[in-house]
Amino acid sequence: MDGSTLAVRPPRPPAGSRDLLRFLTCGSVDDGKSTLIGRLLFDLGQVPDDQLVTLNRDSRRFGTDGDAADYALLLDGLSAEREQGITIDVAYRYFSSPRRSFIVADTPGHAQYTRNMATGASTCDLAVILVDATKGLSEQTRRHSRIVALFGIRQVILAVNKMDAVNGDAAVFDAIASAYAGVALEQGLTRVTAIPISARHGHNLVRRSASTPWYAGPTLIEALETADTQAPGHDAPFRLPVQYVSRPDQTFRGYSGSIASGRIAVGDPVVVAPSGRAARVARIVRAGEWAEDAGAGDAVTLVLDQDIDIARGDLLAPPADRPSAVDRFSARLLWMDEAPLDPARSYWLRIGTALVPARVTATGDAAGLVLNEIGDRIIHTSGRVAFDAFADHPGTGALILIDRDTHATVAAGIALAALDQPGDIHRVAPAVDRAARERRNGHGGAVVWMTGLSGSGKSTIAAALERRLHAAGVRTVVLDGDNLRHGLNRDLGFSDTDRSENVRRVAEVAHLFAETGVVAICALISPTHAQRAQARSICADTPFLEVFVDTPLDLCRARDPKALYARADAGAVVGLTGVGSTYEAPLAPDLILPTADLTPEAAARAVADQLTGLGVTRAI
């Protein structure tokens, strides 16, 4: 049958013992990706009768070849796509041949939808890249090849389509295949099979075509049936990104997620990255039942032999082959947003199941990335994250960046290498854990982070809170910004970079105190949203109370306990927050203290009540 008639379903091939290949189709717009997959499904007998009826009806209404069947409509499911004749979303289809099962992702060809193509590539073993025989290689061909290589795909089928439009000319096919060989070599695509096809007429898809008698290679389905599938990851070291902590009742605590690689068995030792805490697997829940072991791809819940601090975003791994714990690493990014990369902005980084604030800076003379551009950049995270290079652990080395305002995904990429972090340096688990210390203290550890303008009353309230908690038997420490700049942070100035580093160091120290069961009271201006988000992220596994000491600037000026405002007005102090630089008031603090109406003691009582509400202390 050719494309000039309506579709009548051929017999379905017999099912056999099949493994699974995931692949995608990509190429420039109108190269025939959807037609290729639709015709392949049809020729394999994979289109149900009711869909054939719909196909024939829709072909008359939306088709591009009169009343003839338009096989692209089997995949272009969105009404906008059918009306425009283009693919916008990624369309997934499941089908099989006598030898293998397949999942195919039909991805967009338009440049503005390249981000959707990257989504499809991220889980595939092979790419079918289409080229229009009448046009040859395009910029989209090269761009898609770079993206395919970025996500670790090394197998490519170069489908030179519309050979019927060039009368099956072997010279045209050879020229395109030869030109693409250079692209493949440049991108490290090690296995390329070029096939002359006509997607519309089904030439060389399932059956060989008489229109290309000079071609002796495989048909498309033969090439797909013999392609390598990615190893399931059972031989790689164990990795379990924790998605959530399962607590159906007080008698059960488990750590749930899908195993990214390796195997785990009852009795095996594990460590938590990035914290370095260690335990053994006591029980495994798989598919709702107790199991002795589990492997890559299994969704499991692990029960450990002791209660340790584990949260979403942590990674469980074997002690002998654990990931690094880093806050700075290099990555290769595909930029997917209309707005270019801004090194001054903070983004959300999703790596594994961890979600942390991060900044992205250039290397050398590189500029900011723009839409559809691929480049190597350095990612700085607000706190340490578990790190695996994508080349070593594809299941945990992929990442995305998210705009913190719009929540749109702005980049996808892979982790390349840890920076300033030797691979053999890991966190050491404490001999006395936090739970034991908190039992001894009779209360929990926590971080109280007080932010506000200079003169707002942060230090005064911190002192009143410490007195109140101390009188109730609560162990406390006050980390005051001015005091710390006399010692720990004496090397820091007041540039934006130094102020961020000041906040980071204080947050790290506060976190150490909280882990020992102490309530750490921090009093810092910490003027930006990003700085305070960084502090919260560093202390993510401990109760964290962001307190906005909300005092009008006029009142702060009137108090001016250190004469900073007067000196700033006289030009003796440059960049004072509220005068020479902006203070970003918290958008959603845990507590607001309007000190124009509150005494320090009343403010301290409000904070103490919040700590009681969090379960850190008993009523004070």
# chains A, B, ... in the order shown; residues from 1 in each chain; ligands from 1
call {"tool": "closest_atom_pairs", "arguments": {"of": "range 285-347 of chain A", "to": "range 147-152 of chain A", "cutoff": "10 Å", "atoms": "only C-alpha atoms", "output": "JSON lines"}}
result
{"residue": "A:Arg332", "atom": "CA", "partner": "A:Leu150", "partner_atom": "CA", "distance": 7.6}
{"residue": "A:Leu333", "atom": "CA", "partner": "A:Leu150", "partner_atom": "CA", "distance": 8.4}
{"residue": "A:Leu334", "atom": "CA", "partner": "A:Ile147", "partner_atom": "CA", "distance": 7.6}
call {"tool": "select_by_dssp", "arguments": {"residues": "range 306-518 of chain A", "states": "alpha helix (DSSP H)", "output": "ChimeraX atom specification"}}
result
/A:434-441,458-471,481-484,496-515
call {"tool": "select_by_dssp", "arguments": {"residues": "range 106-215 of chain A", "states": "strand (DSSP E or B)", "output": "ChimeraX atom specification"}}
result
/A:106,126-132,155-161,191-196,198,203,207
call {"tool": "write_last_selection", "arguments": {"atoms": "C-alpha atoms", "output": "PDB file, in the first residue's frame"}}
result
ATOM      1  CA  ASP A 106       8.030  11.843  18.706  1.00  0.00           C
ATOM      2  CA  LEU A 126      18.838   5.665  20.514  1.00  0.00           C
ATOM      3  CA  ALA A 127      17.848   8.583  18.300  1.00  0.00           C
ATOM      4  CA  VAL A 128      16.303   8.485  14.848  1.00  0.00           C
ATOM      5  CA  ILE A 129      17.348  11.793  13.266  1.00  0.00           C
ATOM      6  CA  LEU A 130      15.427  12.634  10.109  1.00  0.00           C
ATOM      7  CA  VAL A 131      16.841  14.654   7.242  1.00  0.00           C
ATOM      8  CA  ASP A 132      14.829  15.852   4.250  1.00  0.00           C
ATOM      9  CA  GLN A 155      23.450   5.325  18.714  1.00  0.00           C
ATOM     10  CA  VAL A 156      21.850   7.214  15.834  1.00  0.00           C
ATOM     11  CA  ILE A 157      19.797   6.111  12.860  1.00  0.00           C
ATOM     12  CA  LEU A 158      20.069   8.789  10.170  1.00  0.00           C
ATOM     13  CA  ALA A 159      16.775   8.464   8.314  1.00  0.00           C
ATOM     14  CA  VAL A 160      17.121  10.293   4.997  1.00  0.00           C
ATOM     15  CA  ASN A 161      13.448  10.876   4.249  1.00  0.00           C
ATOM     16  CA  ARG A 191      27.275   4.139  15.954  1.00  0.00           C
ATOM     17  CA  VAL A 192      25.466   5.737  13.028  1.00  0.00           C
ATOM     18  CA  THR A 193      23.298   3.808  10.560  1.00  0.00           C
ATOM     19  CA  ALA A 194      22.083   5.775   7.523  1.00  0.00           C
ATOM     20  CA  ILE A 195      18.891   4.510   5.837  1.00  0.00           C
ATOM     21  CA  PRO A 196      17.123   5.953   2.748  1.00  0.00           C
ATOM     22  CA  SER A 198      10.061   7.448   2.338  1.00  0.00           C
ATOM     23  CA  HIS A 203       9.804   2.588   1.842  1.00  0.00           C
ATOM     24  CA  ARG A 207       9.928  -3.829   3.975  1.00  0.00           C
TER      25      ARG A 207
END
call {"tool": "residues_around", "arguments": {"residues": "Ala533 in chain A", "least_positions_apart": "4", "cutoff": "12 Å", "atoms": "only C-alpha atoms", "output": "ChimeraX atom specification"}}
result
/A:346-348,355-358,381-383,404,449,500,503-504,507,526-529,537-540,544-546,586-589
call {"tool": "residues_around", "arguments": {"residues": "Val326 in chain A", "least_positions_apart": "6", "cutoff": "7 Å", "atoms": "only C-alpha atoms", "output": "list in words"}}
result
Arg384, Val385, Ala386, Phe387, Ala418 and Gln421 of chain A
call {"tool": "residues_around", "arguments": {"residues": "range 596-601 of chain A", "least_positions_apart": "5", "cutoff": "12 Å", "atoms": "only C-alpha atoms", "output": "PyMOL selection string"}}
result
chain A and resi 455-469+549-556+558-559+606-608
call {"tool": "atom_distance", "arguments": {"atom1": "CA of Val300 in chain A", "atom2": "CA of Val285 in chain A"}}
result
5.5 Å
call {"tool": "closest_residue", "arguments": {"among": "A:Leu369, A:Ile374, A:Ile221, A:Leu416", "to": "Phe329 in chain A", "atoms": "only C-alpha atoms"}}
result
A:Leu416
call {"tool": "residues_around", "arguments": {"residues": "Ala175 in chain A", "least_positions_apart": "3", "cutoff": "12 Å", "atoms": "only C-alpha atoms", "output": "ChimeraX atom specification"}}
result
/A:131,133-137,160,169-172,178-182,194,196
call {"tool": "residues_around", "arguments": {"residues": "Leu488 in chain A", "least_positions_apart": "2", "cutoff": "10 Å", "atoms": "only C-alpha atoms", "output": "ChimeraX atom specification"}}
result
/A:483-486,490-492,502,505-506,509
call {"tool": "atom_distance", "arguments": {"atom1": "CA of Asp327 in chain A", "atom2": "CA of Arg359 in chain A"}}
result
10.5 Å
call {"tool": "closest_residue", "arguments": {"among": "A:Ala177, A:Ile308, A:Leu564, A:Ala585", "to": "Val271 in chain A", "atoms": "only C-alpha atoms"}}
result
A:Ile308
call {"tool": "closest_residue", "arguments": {"among": "A:Asp403, A:Asp337, A:Asp19, A:Asp388", "to": "Leu371 in chain A", "atoms": "only C-alpha atoms"}}
result
A:Asp337
call {"tool": "atom_distance", "arguments": {"atom1": "CA of Pro561 in chain A", "atom2": "CA of Val547 in chain A"}}
result
20.8 Å
